[in-house]
>>> print(open('start-v7.cif').read())   # mmCIF, C-alpha atoms and all ligand atoms
data_final
#
loop_
_atom_site.group_PDB
_atom_site.id
_atom_site.type_symbol
_atom_site.label_atom_id
_atom_site.label_comp_id
_atom_site.auth_asym_id
_atom_site.auth_seq_id
_atom_site.Cartn_x
_atom_site.Cartn_y
_atom_site.Cartn_z
ATOM 1 C CA MET A 1 4.958 98.656 -63.296
ATOM 2 C CA LYS A 2 4.103 97.619 -59.763
ATOM 3 C CA ALA A 3 6.364 95.429 -57.622
ATOM 4 C CA LEU A 4 5.110 93.450 -54.646
ATOM 5 C CA VAL A 5 7.610 92.285 -52.033
ATOM 6 C CA SER A 6 6.836 89.740 -49.309
ATOM 7 C CA ILE A 7 8.185 90.346 -45.840
ATOM 8 C CA LYS A 8 8.385 87.750 -43.078
ATOM 9 C CA ARG A 9 8.991 88.696 -39.476
ATOM 10 C CA VAL A 10 11.479 86.187 -38.050
ATOM 11 C CA VAL A 11 13.760 85.778 -35.040
ATOM 12 C CA ASP A 12 16.711 88.132 -35.648
ATOM 13 C CA TYR A 13 19.642 86.338 -37.247
ATOM 14 C CA ASN A 14 21.958 87.411 -34.391
ATOM 15 C CA VAL A 15 19.793 85.777 -31.743
ATOM 16 C CA LYS A 16 20.605 82.298 -30.510
ATOM 17 C CA VAL A 17 17.405 80.375 -31.171
ATOM 18 C CA ARG A 18 16.025 78.463 -28.170
ATOM 19 C CA VAL A 19 13.586 75.602 -28.271
ATOM 20 C CA LYS A 20 10.546 75.839 -25.971
ATOM 21 C CA SER A 21 10.823 73.548 -22.962
ATOM 22 C CA ASP A 22 7.786 71.512 -24.092
ATOM 23 C CA GLY A 23 9.377 70.886 -27.525
ATOM 24 C CA THR A 24 6.431 72.410 -29.428
ATOM 25 C CA GLY A 25 8.473 75.026 -31.251
ATOM 26 C CA VAL A 26 10.927 77.871 -30.967
ATOM 27 C CA GLU A 27 10.770 80.485 -28.205
ATOM 28 C CA THR A 28 9.677 83.848 -29.636
ATOM 29 C CA ALA A 29 8.514 85.583 -26.430
ATOM 30 C CA ASN A 30 10.854 88.471 -25.515
ATOM 31 C CA VAL A 31 13.096 87.681 -28.477
ATOM 32 C CA LYS A 32 14.336 90.305 -30.941
ATOM 33 C CA MET A 33 12.446 89.908 -34.213
ATOM 34 C CA SER A 34 13.509 91.362 -37.570
ATOM 35 C CA MET A 35 12.832 91.227 -41.279
ATOM 36 C CA ASN A 36 13.925 87.953 -42.877
ATOM 37 C CA PRO A 37 17.344 88.793 -44.443
ATOM 38 C CA PHE A 38 16.306 87.468 -47.889
ATOM 39 C CA ASP A 39 13.311 89.822 -47.772
ATOM 40 C CA GLU A 40 15.634 92.776 -47.093
ATOM 41 C CA ILE A 41 17.335 91.782 -50.354
ATOM 42 C CA ALA A 42 13.906 91.613 -52.040
ATOM 43 C CA VAL A 43 13.019 95.133 -50.846
ATOM 44 C CA GLU A 44 16.399 96.443 -51.989
ATOM 45 C CA GLU A 45 15.973 94.942 -55.463
ATOM 46 C CA ALA A 46 12.488 96.433 -55.846
ATOM 47 C CA LEU A 47 13.803 99.852 -54.736
ATOM 48 C CA ARG A 48 16.661 99.655 -57.256
ATOM 49 C CA LEU A 49 14.141 98.837 -60.014
ATOM 50 C CA ARG A 50 12.102 101.884 -58.964
ATOM 51 C CA GLU A 51 15.209 104.076 -58.877
ATOM 52 C CA ALA A 52 16.074 102.852 -62.388
ATOM 53 C CA GLY A 53 12.588 103.905 -63.557
ATOM 54 C CA THR A 54 11.456 100.329 -64.316
ATOM 55 C CA VAL A 55 9.069 100.075 -61.373
ATOM 56 C CA THR A 56 6.692 102.854 -60.332
ATOM 57 C CA GLU A 57 5.431 101.513 -57.014
ATOM 58 C CA VAL A 58 6.822 99.134 -54.386
ATOM 59 C CA VAL A 59 4.295 97.476 -52.082
ATOM 60 C CA ALA A 60 5.446 95.385 -49.081
ATOM 61 C CA VAL A 61 3.186 92.549 -47.865
ATOM 62 C CA SER A 62 3.407 90.585 -44.645
ATOM 63 C CA CYS A 63 1.150 87.877 -43.201
ATOM 64 C CA GLY A 64 0.981 87.276 -39.480
ATOM 65 C CA PRO A 65 0.161 88.941 -36.162
ATOM 66 C CA LEU A 66 -0.216 92.670 -35.533
ATOM 67 C CA ALA A 67 3.492 92.923 -34.594
ATOM 68 C CA CYS A 68 4.332 92.420 -38.308
ATOM 69 C CA GLN A 69 3.327 96.080 -38.708
ATOM 70 C CA GLU A 70 6.667 96.973 -37.149
ATOM 71 C CA THR A 71 8.546 94.924 -39.776
ATOM 72 C CA LEU A 72 6.462 96.494 -42.530
ATOM 73 C CA ARG A 73 7.364 99.946 -41.152
ATOM 74 C CA THR A 74 11.013 98.961 -41.635
ATOM 75 C CA ALA A 75 10.245 98.144 -45.286
ATOM 76 C CA LEU A 76 8.553 101.547 -45.590
ATOM 77 C CA ALA A 77 11.567 103.229 -43.973
ATOM 78 C CA LEU A 78 13.830 101.482 -46.472
ATOM 79 C CA GLY A 79 11.727 103.072 -49.216
ATOM 80 C CA ALA A 80 8.640 100.970 -50.017
ATOM 81 C CA ASP A 81 5.695 103.177 -51.016
ATOM 82 C CA ARG A 82 2.996 101.396 -49.034
ATOM 83 C CA ALA A 83 2.387 98.225 -47.093
ATOM 84 C CA ILE A 84 -0.275 95.576 -46.573
ATOM 85 C CA LEU A 85 -0.627 93.401 -43.473
ATOM 86 C CA VAL A 86 -2.737 90.267 -43.750
ATOM 87 C CA GLN A 87 -3.410 89.987 -40.057
ATOM 88 C CA THR A 88 -3.917 86.664 -38.312
ATOM 89 C CA ASP A 89 -2.772 84.992 -35.110
ATOM 90 C CA GLU A 90 -3.007 81.518 -36.704
ATOM 91 C CA GLU A 91 0.216 79.574 -37.276
ATOM 92 C CA LEU A 92 0.950 80.164 -40.974
ATOM 93 C CA GLN A 93 2.560 77.412 -43.028
ATOM 94 C CA PRO A 94 4.088 78.134 -46.463
ATOM 95 C CA LEU A 95 1.014 76.897 -48.389
ATOM 96 C CA ALA A 96 -1.267 79.241 -46.419
ATOM 97 C CA VAL A 97 1.152 82.160 -46.947
ATOM 98 C CA SER A 98 1.279 81.400 -50.691
ATOM 99 C CA LYS A 99 -2.517 81.434 -50.886
ATOM 100 C CA LEU A 100 -2.671 84.749 -49.017
ATOM 101 C CA LEU A 101 0.034 86.282 -51.251
ATOM 102 C CA LYS A 102 -1.849 84.999 -54.327
ATOM 103 C CA ALA A 103 -5.043 86.698 -53.071
ATOM 104 C CA VAL A 104 -3.122 89.965 -52.560
ATOM 105 C CA ALA A 105 -1.548 89.580 -56.016
ATOM 106 C CA ASP A 106 -5.039 89.168 -57.520
ATOM 107 C CA LYS A 107 -6.083 92.490 -55.948
ATOM 108 C CA GLU A 108 -2.887 94.401 -56.695
ATOM 109 C CA ALA A 109 -1.973 92.964 -60.122
ATOM 110 C CA PRO A 110 1.803 93.500 -59.879
ATOM 111 C CA GLN A 111 4.095 92.700 -62.811
ATOM 112 C CA ILE A 112 6.769 91.413 -60.515
ATOM 113 C CA PHE A 113 6.525 89.741 -57.104
ATOM 114 C CA ILE A 114 9.866 89.460 -55.283
ATOM 115 C CA VAL A 115 10.003 86.850 -52.517
ATOM 116 C CA GLY A 116 12.873 85.731 -50.293
ATOM 117 C CA LYS A 117 14.339 82.374 -51.309
ATOM 118 C CA GLN A 118 13.735 81.091 -47.797
ATOM 119 C CA ALA A 119 12.783 82.217 -44.341
ATOM 120 C CA ILE A 120 15.640 81.738 -41.879
ATOM 121 C CA ASP A 121 13.285 80.418 -39.190
ATOM 122 C CA ASP A 122 11.612 77.476 -40.949
ATOM 123 C CA ASP A 123 14.057 77.183 -43.906
ATOM 124 C CA SER A 124 11.118 75.908 -45.963
ATOM 125 C CA ASN A 125 12.104 77.419 -49.326
ATOM 126 C CA GLN A 126 8.554 76.785 -50.575
ATOM 127 C CA THR A 127 6.534 79.980 -50.616
ATOM 128 C CA GLY A 128 7.813 81.535 -53.859
ATOM 129 C CA GLN A 129 7.497 78.283 -55.778
ATOM 130 C CA MET A 130 3.972 77.613 -54.508
ATOM 131 C CA LEU A 131 2.971 81.202 -55.240
ATOM 132 C CA ALA A 132 4.150 80.707 -58.834
ATOM 133 C CA ALA A 133 2.115 77.497 -59.074
ATOM 134 C CA LEU A 134 -1.020 79.141 -57.665
ATOM 135 C CA THR A 135 -0.800 82.253 -59.865
ATOM 136 C CA GLY A 136 0.406 80.373 -62.955
ATOM 137 C CA TRP A 137 3.069 83.082 -63.418
ATOM 138 C CA SER A 138 6.652 82.515 -64.516
ATOM 139 C CA GLN A 139 9.184 81.900 -61.784
ATOM 140 C CA ALA A 140 12.920 82.379 -61.390
ATOM 141 C CA THR A 141 14.279 81.140 -58.078
ATOM 142 C CA PHE A 142 17.627 81.885 -56.359
ATOM 143 C CA ALA A 143 18.201 85.068 -58.378
ATOM 144 C CA SER A 144 21.655 86.642 -58.158
ATOM 145 C CA LYS A 145 21.036 89.166 -60.977
ATOM 146 C CA LEU A 146 17.861 90.665 -62.372
ATOM 147 C CA LYS A 147 17.297 92.786 -65.476
ATOM 148 C CA ILE A 148 13.917 93.819 -66.806
ATOM 149 C CA ALA A 149 13.401 94.900 -70.402
ATOM 150 C CA ASP A 150 10.699 94.616 -73.096
ATOM 151 C CA GLY A 151 8.198 92.965 -70.767
ATOM 152 C CA LYS A 152 10.642 90.194 -69.870
ATOM 153 C CA ALA A 153 12.855 89.487 -66.895
ATOM 154 C CA GLU A 154 16.362 88.198 -67.443
ATOM 155 C CA VAL A 155 17.438 86.404 -64.314
ATOM 156 C CA THR A 156 20.775 84.880 -63.419
ATOM 157 C CA ARG A 157 20.176 82.004 -61.025
ATOM 158 C CA GLU A 158 22.592 80.365 -58.634
ATOM 159 C CA VAL A 159 22.605 76.668 -59.447
ATOM 160 C CA ASP A 160 24.844 73.796 -58.393
ATOM 161 C CA GLY A 161 28.212 74.284 -60.038
ATOM 162 C CA GLY A 162 27.604 77.716 -61.550
ATOM 163 C CA LEU A 163 25.127 80.258 -62.829
ATOM 164 C CA ALA A 164 22.201 79.827 -65.208
ATOM 165 C CA THR A 165 20.630 82.817 -66.965
ATOM 166 C CA ILE A 166 17.010 82.540 -68.077
ATOM 167 C CA ARG A 167 14.528 84.922 -69.696
ATOM 168 C CA ILE A 168 10.927 84.755 -68.462
ATOM 169 C CA SER A 169 7.777 86.685 -69.282
ATOM 170 C CA LEU A 170 6.008 88.969 -66.845
ATOM 171 C CA PRO A 171 4.193 88.830 -64.506
ATOM 172 C CA ALA A 172 6.747 86.788 -62.645
ATOM 173 C CA ILE A 173 7.769 85.555 -59.220
ATOM 174 C CA ILE A 174 11.452 86.058 -58.429
ATOM 175 C CA THR A 175 13.086 84.612 -55.318
ATOM 176 C CA THR A 176 16.201 86.316 -53.995
ATOM 177 C CA ASP A 177 19.579 84.738 -53.329
ATOM 178 C CA LEU A 178 22.277 86.224 -51.107
ATOM 179 C CA ARG A 179 24.392 87.766 -53.872
ATOM 180 C CA LEU A 180 21.557 89.666 -55.611
ATOM 181 C CA ASN A 181 22.474 92.908 -53.841
ATOM 182 C CA GLU A 182 23.581 94.445 -50.569
ATOM 183 C CA PRO A 183 20.606 96.005 -48.794
ATOM 184 C CA ARG A 184 20.819 99.641 -47.701
ATOM 185 C CA TYR A 185 20.512 100.752 -44.075
ATOM 186 C CA VAL A 186 17.480 102.465 -42.612
ATOM 187 C CA THR A 187 18.080 106.122 -41.725
ATOM 188 C CA LEU A 188 16.402 107.996 -38.880
ATOM 189 C CA PRO A 189 14.691 110.597 -41.125
ATOM 190 C CA ASN A 190 13.272 107.752 -43.222
ATOM 191 C CA ILE A 191 11.962 105.998 -40.089
ATOM 192 C CA MET A 192 10.071 109.220 -39.295
ATOM 193 C CA LYS A 193 8.769 109.502 -42.878
ATOM 194 C CA ALA A 194 7.678 105.854 -42.858
ATOM 195 C CA LYS A 195 5.221 106.563 -40.040
ATOM 196 C CA LYS A 196 3.089 108.566 -42.475
ATOM 197 C CA LYS A 197 3.121 106.023 -45.308
ATOM 198 C CA PRO A 198 -0.064 103.958 -45.870
ATOM 199 C CA LEU A 199 -0.278 100.556 -44.171
ATOM 200 C CA ASP A 200 -3.534 98.708 -44.919
ATOM 201 C CA THR A 201 -4.781 95.707 -43.004
ATOM 202 C CA LEU A 202 -6.636 92.748 -44.523
ATOM 203 C CA THR A 203 -7.662 89.410 -43.033
ATOM 204 C CA PRO A 204 -7.546 85.858 -44.429
ATOM 205 C CA GLU A 205 -11.372 85.760 -44.130
ATOM 206 C CA ALA A 206 -11.756 88.944 -46.193
ATOM 207 C CA LEU A 207 -9.446 87.393 -48.819
ATOM 208 C CA GLY A 208 -11.429 84.127 -48.720
ATOM 209 C CA VAL A 209 -8.383 82.057 -47.743
ATOM 210 C CA ASP A 210 -8.472 79.096 -45.345
ATOM 211 C CA VAL A 211 -5.149 79.215 -43.478
ATOM 212 C CA LYS A 212 -5.675 76.119 -41.320
ATOM 213 C CA PRO A 213 -2.344 74.295 -40.849
ATOM 214 C CA ARG A 214 -2.023 71.183 -43.046
ATOM 215 C CA LEU A 215 1.119 69.863 -41.330
ATOM 216 C CA LYS A 216 1.541 68.975 -37.667
ATOM 217 C CA THR A 217 4.845 69.644 -35.907
ATOM 218 C CA LEU A 218 5.516 66.558 -33.812
ATOM 219 C CA LYS A 219 8.603 67.712 -31.941
ATOM 220 C CA VAL A 220 11.301 70.385 -32.049
ATOM 221 C CA VAL A 221 14.677 69.625 -30.457
ATOM 222 C CA GLU A 222 17.912 71.545 -29.971
ATOM 223 C CA PRO A 223 20.889 70.337 -32.011
ATOM 224 C CA SER A 224 23.189 68.137 -29.923
ATOM 225 C CA LYS A 225 25.945 70.069 -28.164
ATOM 226 C CA ARG A 226 29.366 70.016 -29.810
ATOM 227 C CA LYS A 227 32.205 68.696 -27.692
ATOM 228 C CA ALA A 228 35.088 71.045 -26.952
ATOM 229 C CA GLY A 229 38.097 70.685 -29.250
ATOM 230 C CA ALA A 230 41.621 69.745 -28.153
ATOM 231 C CA LYS A 231 45.118 70.701 -29.312
ATOM 232 C CA VAL A 232 47.559 67.985 -30.314
ATOM 233 C CA ALA A 233 51.343 68.223 -30.107
ATOM 234 C CA ASP A 234 52.133 67.068 -33.642
ATOM 235 C CA ALA A 235 50.862 65.220 -36.706
ATOM 236 C CA ALA A 236 51.680 61.833 -35.190
ATOM 237 C CA ALA A 237 49.492 62.597 -32.156
ATOM 238 C CA LEU A 238 46.685 63.695 -34.482
ATOM 239 C CA VAL A 239 46.885 60.474 -36.499
ATOM 240 C CA ASP A 240 46.920 58.483 -33.282
ATOM 241 C CA LYS A 241 43.770 60.231 -32.010
ATOM 242 C CA LEU A 242 41.969 59.845 -35.351
ATOM 243 C CA ARG A 243 42.847 56.153 -35.451
ATOM 244 C CA ASN A 244 42.360 55.140 -31.821
ATOM 245 C CA GLU A 245 39.906 57.690 -30.320
ATOM 246 C CA ALA A 246 37.705 58.866 -33.183
ATOM 247 C CA LYS A 247 38.271 55.598 -35.099
ATOM 248 C CA VAL A 248 37.777 57.374 -38.429
ATOM 249 C CA ILE A 249 40.979 56.216 -40.161
HETATM 250 P P1 LIG B 301 9.718 79.958 -46.768
HETATM 251 O O1 LIG B 301 9.054 79.302 -47.933
HETATM 252 O O2 LIG B 301 8.926 79.845 -45.484
HETATM 253 O O3 LIG B 301 11.166 79.559 -46.586
HETATM 254 O O4 LIG B 301 9.724 81.553 -47.060
HETATM 255 C C1 LIG B 301 10.232 82.076 -48.271
HETATM 256 C C2 LIG B 301 9.792 83.508 -48.417
HETATM 257 O O5 LIG B 301 8.367 83.585 -48.458
HETATM 258 C C3 LIG B 301 10.206 84.497 -47.323
HETATM 259 O O6 LIG B 301 11.518 84.982 -47.518
HETATM 260 C C4 LIG B 301 9.159 85.602 -47.511
HETATM 261 O O7 LIG B 301 9.495 86.447 -48.605
HETATM 262 C C5 LIG B 301 7.905 84.805 -47.905
HETATM 263 N N1 LIG B 301 7.106 84.547 -46.700
HETATM 264 C C6 LIG B 301 7.104 83.431 -45.928
HETATM 265 N N2 LIG B 301 6.259 83.579 -44.885
HETATM 266 C C7 LIG B 301 5.736 84.822 -44.985
HETATM 267 C C8 LIG B 301 4.800 85.583 -44.218
HETATM 268 N N3 LIG B 301 4.239 85.102 -43.101
HETATM 269 N N4 LIG B 301 4.493 86.836 -44.656
HETATM 270 C C9 LIG B 301 5.037 87.332 -45.778
HETATM 271 N N5 LIG B 301 5.920 86.671 -46.532
HETATM 272 C C10 LIG B 301 6.265 85.439 -46.159
#
>>> encode(input="start-v7.cif", output="structure tokens")
Amino acid sequence: MKALVSIKRVVDYNVKVRVKSDGTGVETANVKMSMNPFDEIAVEEALRLREAGTVTEVVAVSCGPLACQETLRTALALGADRAILVQTDEELQPLAVSKLLKAVADKEAPQIFIVGKQAIDDDSNQTGQMLAALTGWSQATFASKLKIADGKAEVTREVDGGLATIRISLPAIITTDLRLNEPRYVTLPNIMKAKKKPLDTLTPEALGVDVKPRLKTLKVVEPSKRKAGAKVADAAALVDKLRNEAKVI
């Protein structure tokens, strides 16, 4: 069974995100970029399925500029068998990414496609769901546990107020939640080995996908600055401030 895993290159989660001075988006020049954390979880889950003998091949897919090769090399160093870059310098919105991933899925025919639940840069939480709609495959979103047996996937999903466990047929799209697993670290010998693993490049044109943006970003602004806090002497002073300064009680 083949597993496909989608990988988005995003601003590293430790970096303080800055808005471009013209308000057109987020500054990415000279900023540390990394694999979207939910995609690290997706890679880890696919590797664990391979180690358990359920999956025979793990293929990592990324869509974006040439620099995404570096992120795919990280996936290869973690243990993916090969990688595919759908290379484009166009701005990619979730619908375009879903169409590209669908085209790759058509070529690769995986039984399971593991996608991050959301990208930490745009927080869209759309790609996995739209990929399921486009492929017509089963979907289980926000997975915190995954078991595969008898051609079915049993997925525990994080839902409001608890956990829901569902059984779906394969092929399926699974989106990863934070508690699914704890990703392993990349080791130096594996970084060296990853350099020799296959990384193929495709283009949206070759896949017959129109990636033109359908949404227009009007403006991006920084969140308003938080005011510094203050210490109060006692509960009475706190109540006084809440009543007379903040006027919330
Ligand atoms: P989003 O819908 O943008 O929040 O992204 C959800 C997930 O879709 C990510 O965690 C990735 O697994 C996948 N994804 C989004 N954009 C890309 C991309 N450019 N290349 C590959 N995978 C992507």
>>> closest_residue(input="start-v7.cif", among="A:Val211, A:Ile148, A:Val15, A:Met192", to="ligand LIG 301 (chain B)", atoms="only C-alpha atoms and all ligand atoms")
A:Val211
>>> atom_distance(input="start-v7.cif", atom1="CA of Thr217 (chain A)", atom2="CA of Asp22 (chain A)")
12.3 Å
>>> atom_distance(input="start-v7.cif", atom1="CA of Arg18 (chain A)", atom2="CA of Val220 (chain A)")
10.1 Å
>>> residues_near_ligand(input="start-v7.cif", ligand="ligand LIG 301 (chain B)", cutoff="7 Å", atoms="only C-alpha atoms and all ligand atoms", output="PyMOL selection string")
chain A and resi 6-9+36+38-39+61-64+92+94+97+115-120+122-128
>>> write_last_selection(input="start-v7.cif", atoms="C-alpha atoms", output="short mmCIF file (atom, residue, chain, number, x, y, z; two decimals), keeping the file's coordinate frame")
data_model
loop_
_atom_site.label_atom_id
_atom_site.label_comp_id
_atom_site.auth_asym_id
_atom_site.auth_seq_id
_atom_site.Cartn_x
_atom_site.Cartn_y
_atom_site.Cartn_z
CA SER A 6 6.84 89.74 -49.31
CA ILE A 7 8.18 90.35 -45.84
CA LYS A 8 8.38 87.75 -43.08
CA ARG A 9 8.99 88.70 -39.48
CA ASN A 36 13.92 87.95 -42.88
CA PHE A 38 16.31 87.47 -47.89
CA ASP A 39 13.31 89.82 -47.77
CA VAL A 61 3.19 92.55 -47.86
CA SER A 62 3.41 90.58 -44.64
CA CYS A 63 1.15 87.88 -43.20
CA GLY A 64 0.98 87.28 -39.48
CA LEU A 92 0.95 80.16 -40.97
CA PRO A 94 4.09 78.13 -46.46
CA VAL A 97 1.15 82.16 -46.95
CA VAL A 115 10.00 86.85 -52.52
CA GLY A 116 12.87 85.73 -50.29
CA LYS A 117 14.34 82.37 -51.31
CA GLN A 118 13.74 81.09 -47.80
CA ALA A 119 12.78 82.22 -44.34
CA ILE A 120 15.64 81.74 -41.88
CA ASP A 122 11.61 77.48 -40.95
CA ASP A 123 14.06 77.18 -43.91
CA SER A 124 11.12 75.91 -45.96
CA ASN A 125 12.10 77.42 -49.33
CA GLN A 126 8.55 76.78 -50.58
CA THR A 127 6.53 79.98 -50.62
CA GLY A 128 7.81 81.54 -53.86
#
>>> residues_around(input="start-v7.cif", residues="Arg82 (chain A)", least_positions_apart="2", cutoff="9 Å", atoms="all atoms listed in the file", output="PyMOL selection string")
chain A and resi 57-61+72+75-76+79-80+84+194+197-200
>>> residues_around(input="start-v7.cif", residues="Gly25 (chain A)", least_positions_apart="3", cutoff="12 Å", atoms="all atoms listed in the file", output="number ranges by chain")
A: 17-22, 28-29, 91, 121-122, 216-222
>>> residues_around(input="start-v7.cif", residues="Lys152 (chain A)", least_positions_apart="2", cutoff="12 Å", atoms="all atoms listed in the file", output="list in words")
Thr54, Gln111, Ile112, Ser138, Gln139, Ala140, Leu146, Lys147, Ile148, Ala149, Asp150, Glu154, Val155, Ile166, Arg167, Ile168, Ser169, Leu170, Pro171, Ala172 and Ile173 of chain A
>>> write_last_selection(input="start-v7.cif", atoms="C-alpha atoms", output="tab-separated table (two decimals), in the frame of the given file")
chain	number	residue	atom	x	y	z
A	54	THR	CA	11.46	100.33	-64.32
A	111	GLN	CA	4.10	92.70	-62.81
A	112	ILE	CA	6.77	91.41	-60.52
A	138	SER	CA	6.65	82.52	-64.52
A	139	GLN	CA	9.18	81.90	-61.78
A	140	ALA	CA	12.92	82.38	-61.39
A	146	LEU	CA	17.86	90.66	-62.37
A	147	LYS	CA	17.30	92.79	-65.48
A	148	ILE	CA	13.92	93.82	-66.81
A	149	ALA	CA	13.40	94.90	-70.40
A	150	ASP	CA	10.70	94.62	-73.10
A	154	GLU	CA	16.36	88.20	-67.44
A	155	VAL	CA	17.44	86.40	-64.31
A	166	ILE	CA	17.01	82.54	-68.08
A	167	ARG	CA	14.53	84.92	-69.70
A	168	ILE	CA	10.93	84.76	-68.46
A	169	SER	CA	7.78	86.68	-69.28
A	170	LEU	CA	6.01	88.97	-66.84
A	171	PRO	CA	4.19	88.83	-64.51
A	172	ALA	CA	6.75	86.79	-62.64
A	173	ILE	CA	7.77	85.56	-59.22
>>> residues_around(input="start-v7.cif", residues="Val55 (chain A)", least_positions_apart="4", cutoff="6 Å", atoms="only C-alpha atoms", output="PyMOL selection string")
chain A and resi 1-2+49-50
>>> residues_around(input="start-v7.cif", residues="Asp177 (chain A)", least_positions_apart="2", cutoff="6 Å", atoms="only C-alpha atoms", output="number ranges by chain")
A: 142-144, 179-180
>>> write_last_selection(input="start-v7.cif", atoms="C-alpha atoms", output="compact mmCIF listing (two decimals), in the frame of the given file")
# COMPACT_ATOMS: atom_id res chain seq x y z
CA PHE A 142 17.63 81.89 -56.36
CA ALA A 143 18.20 85.07 -58.38
CA SER A 144 21.66 86.64 -58.16
CA ARG A 179 24.39 87.77 -53.87
CA LEU A 180 21.56 89.67 -55.61
>>> atom_distance(input="start-v7.cif", atom1="CA of Glu90 (chain A)", atom2="CA of Phe113 (chain A)")
24.0 Å
>>> closest_residue(input="start-v7.cif", among="A:Arg226, A:Thr156, A:Pro183, A:Ala164", to="Met35 (chain A)", atoms="all atoms listed in the file")
A:Pro183
>>> closest_atom_pairs(input="start-v7.cif", of="region 125-220 of chain A", to="region 42-46 of chain A", cutoff="8 Å", atoms="all atoms listed in the file", output="tab-separated table")
residue	atom	partner	partner_atom	distance
A:Thr175	CA	A:Ala42	CA	7.8
A:Thr176	CA	A:Ala42	CA	6.1
A:Leu180	CA	A:Glu45	CA	7.7
A:Asn181	CA	A:Glu45	CA	7.0
A:Glu182	CA	A:Glu44	CA	7.6
A:Pro183	CA	A:Glu44	CA	5.3
A:Arg184	CA	A:Glu44	CA	6.9
>>> closest_residue(input="start-v7.cif", among="A:Thr141, A:Thr201, A:Gln93, A:Leu4", to="Glu108 (chain A)", atoms="all atoms listed in the file")
A:Leu4
>>> closest_residue(input="start-v7.cif", among="A:Asp89, A:Glu245, A:Glu70, A:Asp210", to="Ala103 (chain A)", atoms="only C-alpha atoms")
A:Asp210
>>> axis_aligned_box(input="start-v7.cif", around="region 5-19 of chain A", padding_each_side="3 Å", output="lines of an AutoDock Vina configuration file")
center_x = 14.4
center_y = 83.9
center_z = -40.1
size_x = 21.1
size_y = 22.7
size_z = 29.9
>>> closest_residue(input="start-v7.cif", among="A:Lys227, A:Lys107, A:Lys193, A:Lys32", to="Ala77 (chain A)", atoms="all atoms listed in the file")
A:Lys193
>>> resolve_selection(input="start-v7.cif", expression="the PyMOL selection byres (((chain A and resi 135) around 10) and not hetatm)", output="VMD selection string")
chain A and resid 98 to 99 101 to 103 105 to 106 130 to 134 136 to 138 171 to 173
>>> resolve_selection(input="start-v7.cif", expression="the PyMOL selection byres (((chain A and resi 33) around 7) and not hetatm)", output="ChimeraX atom specification")
/A:9-12,31-32,34
